[in-house]
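Structure file data.txt with compact mmCIF, C-alpha atoms and all ligand atoms:
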```txt
# COMPACT_ATOMS: atom_id res chain seq x y z
CA MET A 1 142.70 113.08 143.69
CA ASP A 2 141.96 116.19 141.60
CA ILE A 3 142.51 116.27 137.90
CA SER A 4 143.11 119.39 135.83
CA LYS A 5 140.46 122.14 135.76
CA LEU A 6 140.71 121.74 132.01
CA ASP A 7 138.19 118.97 132.55
CA ASN A 8 135.48 121.60 133.17
CA LYS A 9 136.60 123.75 130.27
CA ILE A 10 137.01 121.36 127.35
CA ASN A 11 134.21 119.52 125.58
CA PRO A 12 134.73 116.26 123.76
CA SER A 13 134.38 116.39 119.97
CA GLY A 14 130.66 116.41 119.15
CA THR A 15 131.21 114.87 115.72
CA MET A 16 133.31 112.04 117.14
CA ALA A 17 130.70 111.47 119.87
CA ILE A 18 127.97 110.92 117.29
CA SER A 19 130.07 108.55 115.19
CA ASN A 20 131.02 106.59 118.31
CA LYS A 21 127.39 106.26 119.35
CA ALA A 22 126.40 105.22 115.82
CA ARG A 23 129.24 102.68 115.74
CA GLU A 24 128.11 101.17 119.07
CA LEU A 25 124.52 100.84 117.84
CA LYS A 26 125.76 99.22 114.63
CA LYS A 27 127.75 96.72 116.70
CA GLU A 28 124.51 95.82 118.46
CA GLY A 29 123.12 94.99 115.04
CA LYS A 30 120.98 98.13 114.60
CA PRO A 31 120.56 99.32 111.00
CA VAL A 32 122.25 102.67 111.59
CA ILE A 33 122.72 105.17 108.79
CA GLY A 34 125.43 107.69 109.64
CA PHE A 35 125.05 111.27 108.46
CA GLY A 36 127.39 112.22 111.31
CA ALA A 37 131.15 112.54 111.01
CA GLY A 38 132.17 113.88 107.64
CA GLU A 39 134.28 111.36 105.80
CA PRO A 40 134.10 110.20 102.22
CA ASP A 41 132.51 106.76 101.85
CA PHE A 42 135.14 105.89 99.20
CA ALA A 43 138.25 103.82 99.88
CA SER A 44 141.62 105.56 99.61
CA PRO A 45 143.04 105.40 96.05
CA ASP A 46 144.60 102.06 95.00
CA TYR A 47 147.88 103.70 94.02
CA VAL A 48 148.21 105.03 97.58
CA VAL A 49 147.68 101.61 99.10
CA ASP A 50 150.10 99.95 96.60
CA GLU A 51 152.85 102.45 97.40
CA VAL A 52 152.36 102.01 101.13
CA LYS A 53 152.83 98.23 100.85
CA ILE A 54 156.24 98.78 99.27
CA ALA A 55 157.13 101.47 101.84
CA ALA A 56 156.28 99.15 104.74
CA ASP A 57 158.98 96.73 103.58
CA ASP A 58 161.70 99.38 103.67
CA PRO A 59 163.50 99.46 107.06
CA LYS A 60 164.23 103.15 106.56
CA ASN A 61 160.54 103.80 107.18
CA HIS A 62 160.63 101.91 110.47
CA LYS A 63 162.68 104.70 112.05
CA TYR A 64 162.13 108.24 113.32
CA SER A 65 162.12 110.89 110.65
CA PRO A 66 162.23 114.74 110.79
CA VAL A 67 159.67 116.31 113.15
CA ALA A 68 158.41 118.70 110.45
CA GLY A 69 157.71 115.83 108.07
CA LEU A 70 159.51 113.96 105.27
CA GLU A 71 161.24 116.45 103.01
CA SER A 72 159.76 114.83 99.90
CA LEU A 73 156.23 115.23 101.31
CA ARG A 74 156.83 118.82 102.36
CA LYS A 75 158.12 119.57 98.83
CA GLU A 76 154.98 118.05 97.39
CA ILE A 77 152.88 120.14 99.80
CA SER A 78 154.66 123.31 98.71
CA ARG A 79 154.08 122.40 95.06
CA THR A 80 150.34 121.78 95.57
CA THR A 81 149.91 124.81 97.84
CA PHE A 82 151.24 126.93 94.99
CA GLU A 83 149.36 125.10 92.24
CA TYR A 84 145.95 124.97 93.95
CA SER A 85 145.99 127.85 96.43
CA GLY A 86 148.35 130.25 94.65
CA VAL A 87 150.60 130.59 97.69
CA ASP A 88 154.31 130.41 96.83
CA ILE A 89 156.11 128.60 99.66
CA THR A 90 159.00 126.21 100.21
CA GLU A 91 159.16 123.00 102.22
CA ASN A 92 160.50 125.09 105.12
CA HIS A 93 157.08 126.71 105.54
CA VAL A 94 155.42 123.36 106.33
CA VAL A 95 154.91 121.18 109.42
CA VAL A 96 153.14 117.87 108.84
CA SER A 97 150.86 116.78 111.69
CA ASN A 98 148.52 113.97 112.70
CA GLY A 99 145.57 115.29 110.74
CA GLY A 100 144.30 118.83 110.37
CA LYS A 101 143.22 118.74 113.99
CA GLN A 102 146.73 118.50 115.42
CA ALA A 103 147.92 121.10 112.92
CA ILE A 104 145.24 123.49 114.24
CA VAL A 105 146.10 122.95 117.91
CA THR A 106 149.83 123.29 117.21
CA ALA A 107 149.27 126.46 115.18
CA LEU A 108 147.15 128.00 117.92
CA MET A 109 149.69 127.05 120.59
CA SER A 110 152.31 128.78 118.46
CA ILE A 111 150.33 132.03 118.29
CA LEU A 112 148.31 132.46 121.46
CA ASP A 113 149.21 133.58 124.95
CA SER A 114 146.93 133.15 127.91
CA GLY A 115 143.83 135.33 127.59
CA ASP A 116 144.27 136.19 123.91
CA GLU A 117 140.95 136.30 122.12
CA VAL A 118 140.10 134.41 118.97
CA ILE A 119 137.13 135.34 116.80
CA ILE A 120 135.22 132.29 115.60
CA PRO A 121 132.26 132.73 113.24
CA ALA A 122 129.37 130.42 114.18
CA PRO A 123 128.23 127.94 113.08
CA TYR A 124 131.80 126.69 113.53
CA TRP A 125 133.46 123.32 113.31
CA THR A 126 133.16 121.85 116.79
CA THR A 127 136.91 121.59 117.35
CA TYR A 128 137.84 125.28 116.90
CA PRO A 129 136.76 126.66 120.31
CA GLU A 130 138.17 123.66 122.14
CA ALA A 131 141.50 123.98 120.31
CA VAL A 132 141.61 127.68 121.23
CA LYS A 133 141.00 126.84 124.90
CA LEU A 134 143.63 124.08 124.82
CA ALA A 135 146.09 126.71 123.60
CA GLY A 136 145.15 129.06 126.47
CA GLY A 137 143.03 131.45 124.40
CA GLU A 138 139.44 132.65 124.72
CA PRO A 139 136.98 132.00 121.91
CA VAL A 140 134.73 134.92 120.96
CA PHE A 141 131.83 134.00 118.72
CA ILE A 142 130.09 135.98 116.04
CA LYS A 143 126.75 134.72 114.87
CA PRO A 144 125.79 135.70 111.37
CA ASP A 145 122.20 135.35 110.26
CA LYS A 146 120.75 132.41 108.36
CA LYS A 147 119.34 134.91 105.85
CA ASP A 148 122.92 136.04 105.09
CA ASN A 149 123.80 132.39 104.39
CA PHE A 150 125.66 132.38 107.72
CA LYS A 151 128.31 134.64 106.19
CA ILE A 152 130.10 137.15 108.40
CA SER A 153 130.70 140.77 107.46
CA VAL A 154 133.32 143.34 108.37
CA SER A 155 130.82 145.04 110.68
CA ASP A 156 130.41 141.74 112.62
CA LEU A 157 134.18 141.64 112.99
CA GLU A 158 134.36 145.26 114.09
CA LYS A 159 131.89 144.53 116.88
CA ALA A 160 133.84 141.50 118.09
CA LYS A 161 137.29 143.06 118.00
CA ASN A 162 139.06 144.58 121.00
CA SER A 163 142.65 145.02 122.16
CA LYS A 164 142.92 141.32 123.10
CA THR A 165 141.89 140.04 119.66
CA LYS A 166 144.74 137.97 118.24
CA LEU A 167 143.29 135.77 115.52
CA LEU A 168 140.32 135.03 113.27
CA VAL A 169 139.40 131.44 112.44
CA TRP A 170 138.37 131.13 108.80
CA CYS A 171 136.88 128.12 107.01
CA SER A 172 135.54 128.43 103.48
CA PRO A 173 134.15 126.15 102.07
CA SER A 174 132.67 125.81 105.51
CA ASN A 175 132.34 122.90 107.83
CA PRO A 176 129.52 122.75 109.04
CA THR A 177 127.40 124.88 106.66
CA GLY A 178 128.91 124.05 103.27
CA VAL A 179 128.80 127.76 102.46
CA VAL A 180 131.52 129.16 100.19
CA TYR A 181 132.53 132.83 100.32
CA SER A 182 133.07 134.53 96.95
CA LYS A 183 136.39 136.10 96.04
CA GLU A 184 135.04 139.59 96.77
CA GLU A 185 133.54 138.57 100.12
CA SER A 186 136.77 136.82 101.13
CA GLU A 187 138.88 139.80 100.12
CA GLU A 188 136.83 142.15 102.30
CA ILE A 189 137.43 139.94 105.31
CA TYR A 190 141.13 139.48 104.54
CA ASN A 191 141.64 143.24 104.09
CA TRP A 192 140.08 143.81 107.50
CA VAL A 193 142.39 141.19 109.03
CA PHE A 194 145.50 142.71 107.47
CA GLU A 195 144.49 146.30 108.31
CA ASN A 196 143.92 145.32 111.93
CA ASP A 197 147.11 143.26 111.93
CA ILE A 198 145.69 140.14 113.52
CA TRP A 199 146.29 136.53 112.52
CA ILE A 200 144.03 134.50 110.29
CA LEU A 201 143.96 130.71 110.58
CA SER A 202 142.56 129.49 107.26
CA ASP A 203 141.25 125.92 107.32
CA GLU A 204 141.37 124.87 103.67
CA LEU A 205 140.54 121.18 104.00
CA TYR A 206 137.54 121.54 101.67
CA GLU A 207 139.16 123.79 99.04
CA HIS A 208 138.62 121.25 96.24
CA LEU A 209 135.06 120.34 97.15
CA VAL A 210 133.06 123.08 95.46
CA TYR A 211 130.17 122.19 93.13
CA GLU A 212 129.00 125.55 91.79
CA GLY A 213 131.13 128.58 91.11
CA LYS A 214 134.68 128.90 92.39
CA THR A 215 136.37 128.05 95.65
CA SER A 216 137.43 130.92 97.93
CA PRO A 217 140.93 132.30 97.43
CA SER A 218 143.39 131.60 100.23
CA PRO A 219 144.36 134.62 102.37
CA GLY A 220 147.95 133.57 101.65
CA GLN A 221 147.51 134.86 98.09
CA TYR A 222 147.33 138.38 99.50
CA ASP A 223 149.93 137.91 102.22
CA LYS A 224 152.95 136.69 100.33
CA GLU A 225 155.27 136.69 103.36
CA LEU A 226 152.65 134.89 105.48
CA LYS A 227 152.94 137.71 108.00
CA ASN A 228 149.37 137.22 109.27
CA THR A 229 148.32 133.95 107.64
CA ILE A 230 148.47 130.32 108.71
CA ILE A 231 147.02 127.74 106.34
CA ILE A 232 145.71 124.37 107.49
CA ASN A 233 145.22 121.57 104.98
CA GLY A 234 145.41 117.79 104.68
CA VAL A 235 144.56 114.74 102.60
CA SER A 236 141.56 113.50 104.60
CA LYS A 237 138.66 114.93 102.62
CA ALA A 238 139.90 115.48 99.07
CA TYR A 239 141.56 112.05 98.76
CA ALA A 240 139.33 109.92 101.02
CA MET A 241 142.14 109.42 103.54
CA THR A 242 140.63 110.30 106.92
CA GLY A 243 142.14 107.30 108.73
CA TRP A 244 145.72 107.96 107.64
CA ARG A 245 145.79 111.13 109.80
CA VAL A 246 147.89 113.46 107.71
CA GLY A 247 147.37 117.21 107.83
CA TRP A 248 149.74 120.15 107.84
CA LEU A 249 150.18 123.78 108.65
CA VAL A 250 151.80 126.37 106.40
CA ALA A 251 153.22 129.48 108.04
CA ASN A 252 156.15 131.87 108.28
CA SER A 253 159.47 130.76 109.77
CA ASN A 254 158.77 132.10 113.29
CA VAL A 255 155.57 130.10 113.58
CA ILE A 256 157.16 127.03 111.99
CA GLY A 257 160.08 127.20 114.44
CA LEU A 258 157.77 127.15 117.45
CA ALA A 259 155.39 124.62 115.88
CA LYS A 260 158.32 122.24 115.40
CA LYS A 261 159.42 122.71 119.02
CA ILE A 262 155.89 121.89 120.20
CA GLN A 263 155.47 118.90 117.92
CA SER A 264 158.92 117.57 118.82
CA GLN A 265 157.73 117.32 122.42
CA ILE A 266 154.24 116.03 121.72
CA SER A 267 154.38 113.54 118.88
CA SER A 268 157.69 113.73 116.92
CA ASN A 269 157.06 112.79 113.30
CA VAL A 270 153.80 111.56 111.82
CA SER A 271 153.95 107.86 110.88
CA ASN A 272 156.29 107.55 107.86
CA ILE A 273 153.89 105.16 106.19
CA SER A 274 151.06 107.68 106.41
CA GLN A 275 153.31 110.44 105.12
CA ILE A 276 154.26 108.32 102.12
CA ALA A 277 150.55 107.67 101.55
CA ALA A 278 149.88 111.43 101.59
CA GLU A 279 152.78 112.17 99.26
CA THR A 280 151.54 109.55 96.80
CA ALA A 281 148.05 111.05 96.89
CA LEU A 282 149.33 114.55 96.17
CA LYS A 283 151.65 113.35 93.38
CA ASN A 284 148.77 111.66 91.59
CA GLY A 285 146.67 114.78 91.32
CA LEU A 286 142.97 115.49 91.61
CA ASP A 287 141.40 112.96 89.21
CA VAL A 288 140.22 110.89 92.15
CA THR A 289 138.79 114.02 93.81
CA GLU A 290 136.95 115.00 90.64
CA GLU A 291 135.42 111.54 90.48
CA MET A 292 134.22 111.71 94.09
CA LYS A 293 132.87 115.18 93.47
CA ILE A 294 130.50 113.85 90.82
CA SER A 295 128.94 111.57 93.44
CA PHE A 296 128.96 114.23 96.16
CA ASN A 297 127.25 116.74 93.91
CA ARG A 298 124.56 114.24 92.86
CA ARG A 299 123.89 113.48 96.54
CA ARG A 300 123.96 117.17 97.49
CA LEU A 301 121.26 118.06 94.98
CA TYR A 302 119.17 115.03 95.89
CA ALA A 303 119.43 115.72 99.63
CA ILE A 304 118.55 119.42 99.29
CA GLU A 305 115.46 118.53 97.29
CA LYS A 306 114.31 115.76 99.64
CA ILE A 307 114.90 117.77 102.81
CA ASN A 308 112.97 120.76 101.55
CA GLU A 309 110.02 118.45 100.83
CA ILE A 310 109.83 117.48 104.52
CA ASN A 311 107.32 119.30 106.68
CA ASN A 312 108.79 122.36 108.43
CA ILE A 313 112.42 121.42 107.84
CA SER A 314 114.55 123.44 105.48
CA VAL A 315 117.99 123.91 104.05
CA GLY A 316 119.55 126.46 101.67
CA ASN A 317 121.76 125.65 98.70
CA PRO A 318 125.29 125.32 100.06
CA THR A 319 127.80 124.82 97.27
CA GLY A 320 130.81 123.33 99.04
CA ALA A 321 132.29 120.70 101.41
CA PHE A 322 129.87 117.77 101.90
CA TYR A 323 127.57 119.13 104.55
CA LEU A 324 124.06 120.51 104.77
CA PHE A 325 123.10 122.56 107.79
CA VAL A 326 119.42 121.87 108.25
CA ASP A 327 116.97 124.11 110.13
CA VAL A 328 114.97 121.81 112.43
CA SER A 329 114.01 124.49 114.97
CA HIS A 330 110.29 123.88 114.41
CA TYR A 331 110.63 120.52 116.17
CA CYS A 332 112.79 121.71 119.06
CA ASN A 333 110.31 123.75 121.10
CA GLY A 334 108.85 121.11 123.41
CA ASN A 335 105.70 120.58 121.35
CA TYR A 336 106.76 117.26 119.88
CA GLU A 337 107.49 114.15 121.97
CA GLY A 338 109.10 116.34 124.65
CA ILE A 339 111.85 117.36 122.23
CA ASN A 340 113.33 120.61 123.58
CA SER A 341 116.48 121.09 121.55
CA SER A 342 118.27 119.89 118.43
CA ILE A 343 120.28 117.59 120.72
CA ASP A 344 117.00 115.97 121.81
CA PHE A 345 115.83 115.83 118.21
CA CYS A 346 119.04 114.14 116.99
CA ASN A 347 118.98 111.68 119.91
CA TRP A 348 115.37 110.82 119.16
CA LEU A 349 116.18 110.26 115.47
CA LEU A 350 119.11 108.02 116.33
CA ASP A 351 117.38 106.01 119.05
CA LYS A 352 114.12 105.51 117.20
CA TYR A 353 114.97 105.65 113.49
CA PHE A 354 118.68 104.80 113.62
CA ILE A 355 119.71 107.86 111.65
CA ALA A 356 122.71 109.77 113.02
CA PHE A 357 122.98 113.55 112.56
CA VAL A 358 125.13 116.02 114.48
CA PRO A 359 123.08 118.52 116.53
CA GLY A 360 123.63 122.22 115.85
CA GLU A 361 124.59 122.88 119.48
CA VAL A 362 128.05 121.39 118.94
CA PHE A 363 128.60 123.93 116.15
CA GLY A 364 127.26 126.84 118.21
CA ALA A 365 123.89 126.87 116.41
CA PRO A 366 120.98 125.33 118.33
CA GLY A 367 117.90 124.53 116.25
CA TYR A 368 119.93 123.02 113.42
CA MET A 369 121.49 119.69 112.60
CA ARG A 370 124.39 118.89 110.30
CA LEU A 371 124.09 116.21 107.67
CA SER A 372 127.09 114.80 105.83
CA TYR A 373 126.15 113.59 102.36
CA ALA A 374 129.41 111.69 101.94
CA LEU A 375 127.63 108.36 102.23
CA SER A 376 126.34 105.94 99.58
CA ASP A 377 123.37 106.89 97.39
CA ASP A 378 121.36 103.97 98.79
CA GLU A 379 122.03 104.95 102.38
CA LEU A 380 121.29 108.57 101.61
CA SER A 381 117.90 107.82 100.13
CA GLU A 382 116.98 105.29 102.83
CA GLY A 383 118.15 107.68 105.58
CA LEU A 384 116.19 110.63 104.22
CA GLU A 385 113.11 108.48 103.84
CA ARG A 386 113.44 107.57 107.52
CA LEU A 387 113.81 111.26 108.38
CA ASN A 388 110.63 112.01 106.48
CA LYS A 389 108.81 109.20 108.28
CA ALA A 390 110.08 110.39 111.65
CA VAL A 391 108.80 113.91 111.01
CA GLU A 392 105.45 112.53 109.84
CA GLU A 393 105.22 110.64 113.12
CA LEU A 394 105.88 113.87 115.03
CA ASN A 395 103.12 115.58 113.08
CA GLY A 396 100.77 112.74 114.04
N1 LIG B 401 136.03 116.82 110.30
C1 LIG B 401 135.02 115.81 110.24
C2 LIG B 401 133.70 116.32 110.76
O1 LIG B 401 133.53 117.48 111.02
C3 LIG B 401 135.48 114.58 110.94
C4 LIG B 401 135.19 114.50 112.40
C5 LIG B 401 136.06 115.41 113.18
O2 LIG B 401 137.26 115.33 113.04
O3 LIG B 401 135.48 116.21 113.89
O4 LIG B 401 132.79 115.54 110.86
```
Go ahead and render the structure in this file as structure tokens.
Amino acid sequence: MDISKLDNKINPSGTMAISNKARELKKEGKPVIGFGAGEPDFASPDYVVDEVKIAADDPKNHKYSPVAGLESLRKEISRTTFEYSGVDITENHVVVSNGGKQAIVTALMSILDSGDEVIIPAPYWTTYPEAVKLAGGEPVFIKPDKKDNFKISVSDLEKAKNSKTKLLVWCSPSNPTGVVYSKEESEEIYNWVFENDIWILSDELYEHLVYEGKTSPSPGQYDKELKNTIIINGVSKAYAMTGWRVGWLVANSNVIGLAKKIQSQISSNVSNISQIAAETALKNGLDVTEEMKISFNRRRLYAIEKINEINNISVGNPTGAFYLFVDVSHYCNGNYEGINSSIDFCNWLLDKYFIAFVPGEVFGAPGYMRLSYALSDDELSEGLERLNKAVEELNG
């Protein structure tokens, strides 16, 4: 019996694939070090866990709750969206979803019609093109140069735009490059979006994780009515809460109306317990984030230095998120152990040295690999030592 043609169109998540493979190898007792999926190595804050234990005892939380999310959480999201991102919204502009991922798919389903084109700057987070396709749209990629720090320009956008262009996907600080656009650079892009009257989906999951200079302003600051802007955010990265699966979208009332319809048919409300966890995290502020940032920054600087010491491998100086996007193209040309691509290179590193990186191909950038430095200092130094050894082996 046939299954949907979607099967030939959609790829599985490349980041999840690497973490699954690493997990399997670990189960077999292999000493795997995971630079793969980006998730803080810290436990969720104690006050979150304490509050959740109380919430679990309350029968009210054992029942369905509003599709858009608990009102108290949505109020907290509107407060923090204003405080941190400068976008003045109410709880009615918010739909809480199972992680940023579901918020993205729901937002795209609320905007796109079949055949609408979506501009995605590469390297991109592996989920964006698949989410666009799931929503019936067509991804159109623009590929900025490494020498421009992978940053797109208005002229790149001009070239990609046509009458079918409906939306630009925007992520700064960027997953997977860690690059952060300045205020001026962001404003140029936003002005182009508004002048051309297309949508911008701004993934702001990493807004707090910036180690030098300032984070990028949200497009919502310049689009007070959220005419063109949808913001995606969540608690996963800034509060070490990846497993609780709480993200959200912020948009105007038309988008929210449709997003609620869609979510009411797909998943109803997010687990009440997880929503209470997210609300507690937001209420307690960013102290915990600032503490994690000290560790992330130490690891970032260490990893940049160590990587650039390795033969024919290089990385720039990305100032945000917790990723480095490493140029390994020198080793992907068939001259070393039959390695013909960054997929081959990453597989070889995992199979032989038990170090897991995500190959650039899944982010639309062959010849690179992504490294998450959100792992312990000991693992980071051991893992990079293994990488150095592996490269030495290749160089004979
Ligand atoms: N967003 C993280 C990453 O890029 C988690 C994995 C995922 O959801 O893709 O690694």
Enumerate, in order of chain and increasing residue number, the residues of stretch 181-238 of chain A with an atom no farther than 8 Å from stretch 150-159 of chain A, each with its shortest atom pair and distance in Å to one decimal, counting only C-alpha atoms, as a Markdown table.
```
| residue | atom | partner | partner_atom | distance |
| --- | --- | --- | --- | --- |
| A:Tyr181 | CA | A:Lys151 | CA | 7.5 |
| A:Glu188 | CA | A:Val154 | CA | 7.1 |
| A:Ile189 | CA | A:Val154 | CA | 6.1 |
| A:Trp192 | CA | A:Val154 | CA | 6.8 |
```
How would you write, as a tab-separated table (two decimals) with C-alpha atoms, in the frame of the given file, the set of residues no farther than 7 Å from ligand LIG 401 (chain B) when counting only C-alpha atoms and all ligand atoms?
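Printed below is selection-v3.tsv as written:
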```
chain	number	residue	atom	x	y	z
A	13	SER	CA	134.38	116.39	119.97
A	15	THR	CA	131.21	114.87	115.72
A	16	MET	CA	133.31	112.04	117.14
A	36	GLY	CA	127.39	112.22	111.31
A	37	ALA	CA	131.15	112.54	111.01
A	38	GLY	CA	132.17	113.88	107.64
A	39	GLU	CA	134.28	111.36	105.80
A	101	LYS	CA	143.22	118.74	113.99
A	125	TRP	CA	133.46	123.32	113.31
A	126	THR	CA	133.16	121.85	116.79
A	127	THR	CA	136.91	121.59	117.35
A	175	ASN	CA	132.34	122.90	107.83
A	176	PRO	CA	129.52	122.75	109.04
```
- prompt: When you draw a straight line from atom CA of A:Val32 to atom CA of A:Arg386, how long is it in Å?
  reply: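 Computed distance, atom CA of A:Val32 to atom CA of A:Arg386, equals 10.9 Å.
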Write out as JSON lines a residue-level contact list of stretch 153-212 of chain A versus stretch 242-265 of chain A with cut-off 12 Å: for each qualifying residue the closest pair of atoms and the distance in Å to one decimal, counting only C-alpha atoms, rows sorted by chain and residue number upward.
```
{"residue": "A:Trp199", "atom": "CA", "partner": "A:Ala251", "partner_atom": "CA", "distance": 10.9}
{"residue": "A:Ile200", "atom": "CA", "partner": "A:Ala251", "partner_atom": "CA", "distance": 10.7}
{"residue": "A:Leu201", "atom": "CA", "partner": "A:Leu249", "partner_atom": "CA", "distance": 9.5}
{"residue": "A:Ser202", "atom": "CA", "partner": "A:Leu249", "partner_atom": "CA", "distance": 9.6}
{"residue": "A:Asp203", "atom": "CA", "partner": "A:Leu249", "partner_atom": "CA", "distance": 9.3}
{"residue": "A:Glu204", "atom": "CA", "partner": "A:Leu249", "partner_atom": "CA", "distance": 10.2}
{"residue": "A:Leu205", "atom": "CA", "partner": "A:Gly247", "partner_atom": "CA", "distance": 8.8}
```
Residues near A:Ile310, cut-off 12 Å, all atoms listed in the file, skip fewer than 6 positions along chain, as a short mmCIF file (atom, residue, chain, number, x, y, z; two decimals) with C-alpha atoms, in the frame of the given file:
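Now in result.cif:
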```cif
data_model
loop_
_atom_site.label_atom_id
_atom_site.label_comp_id
_atom_site.auth_asym_id
_atom_site.auth_seq_id
_atom_site.Cartn_x
_atom_site.Cartn_y
_atom_site.Cartn_z
CA ALA A 303 119.43 115.72 99.63
CA ILE A 304 118.55 119.42 99.29
CA VAL A 326 119.42 121.87 108.25
CA ASP A 327 116.97 124.11 110.13
CA VAL A 328 114.97 121.81 112.43
CA HIS A 330 110.29 123.88 114.41
CA LEU A 384 116.19 110.63 104.22
CA GLU A 385 113.11 108.48 103.84
CA ARG A 386 113.44 107.57 107.52
CA LEU A 387 113.81 111.26 108.38
CA ASN A 388 110.63 112.01 106.48
CA LYS A 389 108.81 109.20 108.28
CA ALA A 390 110.08 110.39 111.65
CA VAL A 391 108.80 113.91 111.01
CA GLU A 392 105.45 112.53 109.84
CA GLU A 393 105.22 110.64 113.12
CA LEU A 394 105.88 113.87 115.03
CA ASN A 395 103.12 115.58 113.08
#
```
Can you report as lines of an AutoDock Vina configuration file the centre and edge lengths in Å, to one decimal, of an axis-aligned box around the listed atoms of stretch 297-314 of chain A padded with 6 Å on each side?
```
center_x = 117.3
center_y = 118.5
center_z = 100.6
size_x = 31.9
size_y = 22.0
size_z = 27.6
```
- request: Please check which residues have atoms at most 8 Å from (128.3, 118.6, 104.6) in the file's coordinates, counting all atoms listed in the file, and write them as a ChimeraX atom specification.
  value: /A:38,175-178,320-325,370-374
Residues just named, written with C-alpha atoms as a CSV table (one decimal), in the coordinates of the input:
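Output (again_23.csv):
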```csv
chain,number,residue,atom,x,y,z
A,38,GLY,CA,132.2,113.9,107.6
A,175,ASN,CA,132.3,122.9,107.8
A,176,PRO,CA,129.5,122.8,109.0
A,177,THR,CA,127.4,124.9,106.7
A,178,GLY,CA,128.9,124.0,103.3
A,320,GLY,CA,130.8,123.3,99.0
A,321,ALA,CA,132.3,120.7,101.4
A,322,PHE,CA,129.9,117.8,101.9
A,323,TYR,CA,127.6,119.1,104.6
A,324,LEU,CA,124.1,120.5,104.8
A,325,PHE,CA,123.1,122.6,107.8
A,370,ARG,CA,124.4,118.9,110.3
A,371,LEU,CA,124.1,116.2,107.7
A,372,SER,CA,127.1,114.8,105.8
A,373,TYR,CA,126.2,113.6,102.4
A,374,ALA,CA,129.4,111.7,101.9
```
Shell of 10 Å around A:Asp197, all atoms listed in the file, local chain residues under 2 positions omitted, as a CSV table (one decimal) with C-alpha atoms, keeping the file's coordinate frame:
```csv
chain,number,residue,atom,x,y,z
A,165,THR,CA,141.9,140.0,119.7
A,166,LYS,CA,144.7,138.0,118.2
A,167,LEU,CA,143.3,135.8,115.5
A,191,ASN,CA,141.6,143.2,104.1
A,192,TRP,CA,140.1,143.8,107.5
A,193,VAL,CA,142.4,141.2,109.0
A,194,PHE,CA,145.5,142.7,107.5
A,195,GLU,CA,144.5,146.3,108.3
A,199,TRP,CA,146.3,136.5,112.5
A,200,ILE,CA,144.0,134.5,110.3
A,227,LYS,CA,152.9,137.7,108.0
A,228,ASN,CA,149.4,137.2,109.3
```
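The residue that comes closest to A:Ile232, out of A:Asn269, A:Ser97, A:Ser342, A:Ser329 and on the basis of all atoms listed in the file, is A:Ser97.
Non-sequential neighbours of A:Ile142 (distance at most 10 Å, separation of 2 or more positions within a chain, only C-alpha atoms) are A:Ile119, A:Ile120, A:Pro121, A:Ala122, A:Pro123, A:Tyr124, A:Pro139, A:Val140, A:Pro144, A:Asp145, A:Ile152, A:Ser153, A:Asp156, A:Leu157, A:Lys159, A:Ala160, A:Gly364.
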task: Find the residues near A:Tyr206: any atom within 8 Å, counting all atoms listed in the file, skip ones fewer than 6 places away on the same chain, and give them as a list in words.
output: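 Using all atoms listed in the file, the neighbours found are Ser172, Pro173, Ser174, Lys237, Ala238, Gly320 and Ala321 of chain A.
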Mind dumping the selected residues with C-alpha atoms as a PDB file, in the frame of the given file?
```
ATOM      1  CA  SER A 172     135.540 128.430 103.480  1.00  0.00           C
ATOM      2  CA  PRO A 173     134.150 126.150 102.070  1.00  0.00           C
ATOM      3  CA  SER A 174     132.670 125.810 105.510  1.00  0.00           C
ATOM      4  CA  LYS A 237     138.660 114.930 102.620  1.00  0.00           C
ATOM      5  CA  ALA A 238     139.900 115.480  99.070  1.00  0.00           C
ATOM      6  CA  GLY A 320     130.810 123.330  99.040  1.00  0.00           C
ATOM      7  CA  ALA A 321     132.290 120.700 101.410  1.00  0.00           C
TER       8      ALA A 321
END
```
- request: Pick out the residues sitting within 12 Å of A:Glu291, and hand them over as a list in words; count only C-alpha atoms, and ignore anything fewer than 3 positions along from it in its own chain.
  value: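 Returned residues: Pro40, Phe42, Pro45, His208, Leu209, Ala238, Tyr239, Ala240, Gly285, Leu286, Asp287, Val288, Ile294, Ser295, Phe296, Asn297 and Arg298 of chain A.
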Top pick for closest residue to A:Gly234, considering A:Gly115, A:Gly396, A:Gly99, A:Pro366 and counting only C-alpha atoms: A:Gly99
- line: Here atom CA of A:Ser44 and atom CA of A:Pro219 stand apart by 29.3 Å
- line: atom CA of A:Ala135 to atom CA of A:Asp88 measures 28.2 Å
message: Measuring between only C-alpha atoms, which one of A:Val210, A:Leu25, A:Glu91, A:Ile3 shows the shortest distance to A:Glu290?
response: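 Distance minimum relative to A:Glu290 lands on A:Val210.
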field: Among listed residues A:Ile355, A:Lys63, A:Asp378, A:Ile266, nearest A:Ile18 (using only C-alpha atoms)
entry: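 Checking each candidate against A:Ile18, we get A:Ile355 as the closest.
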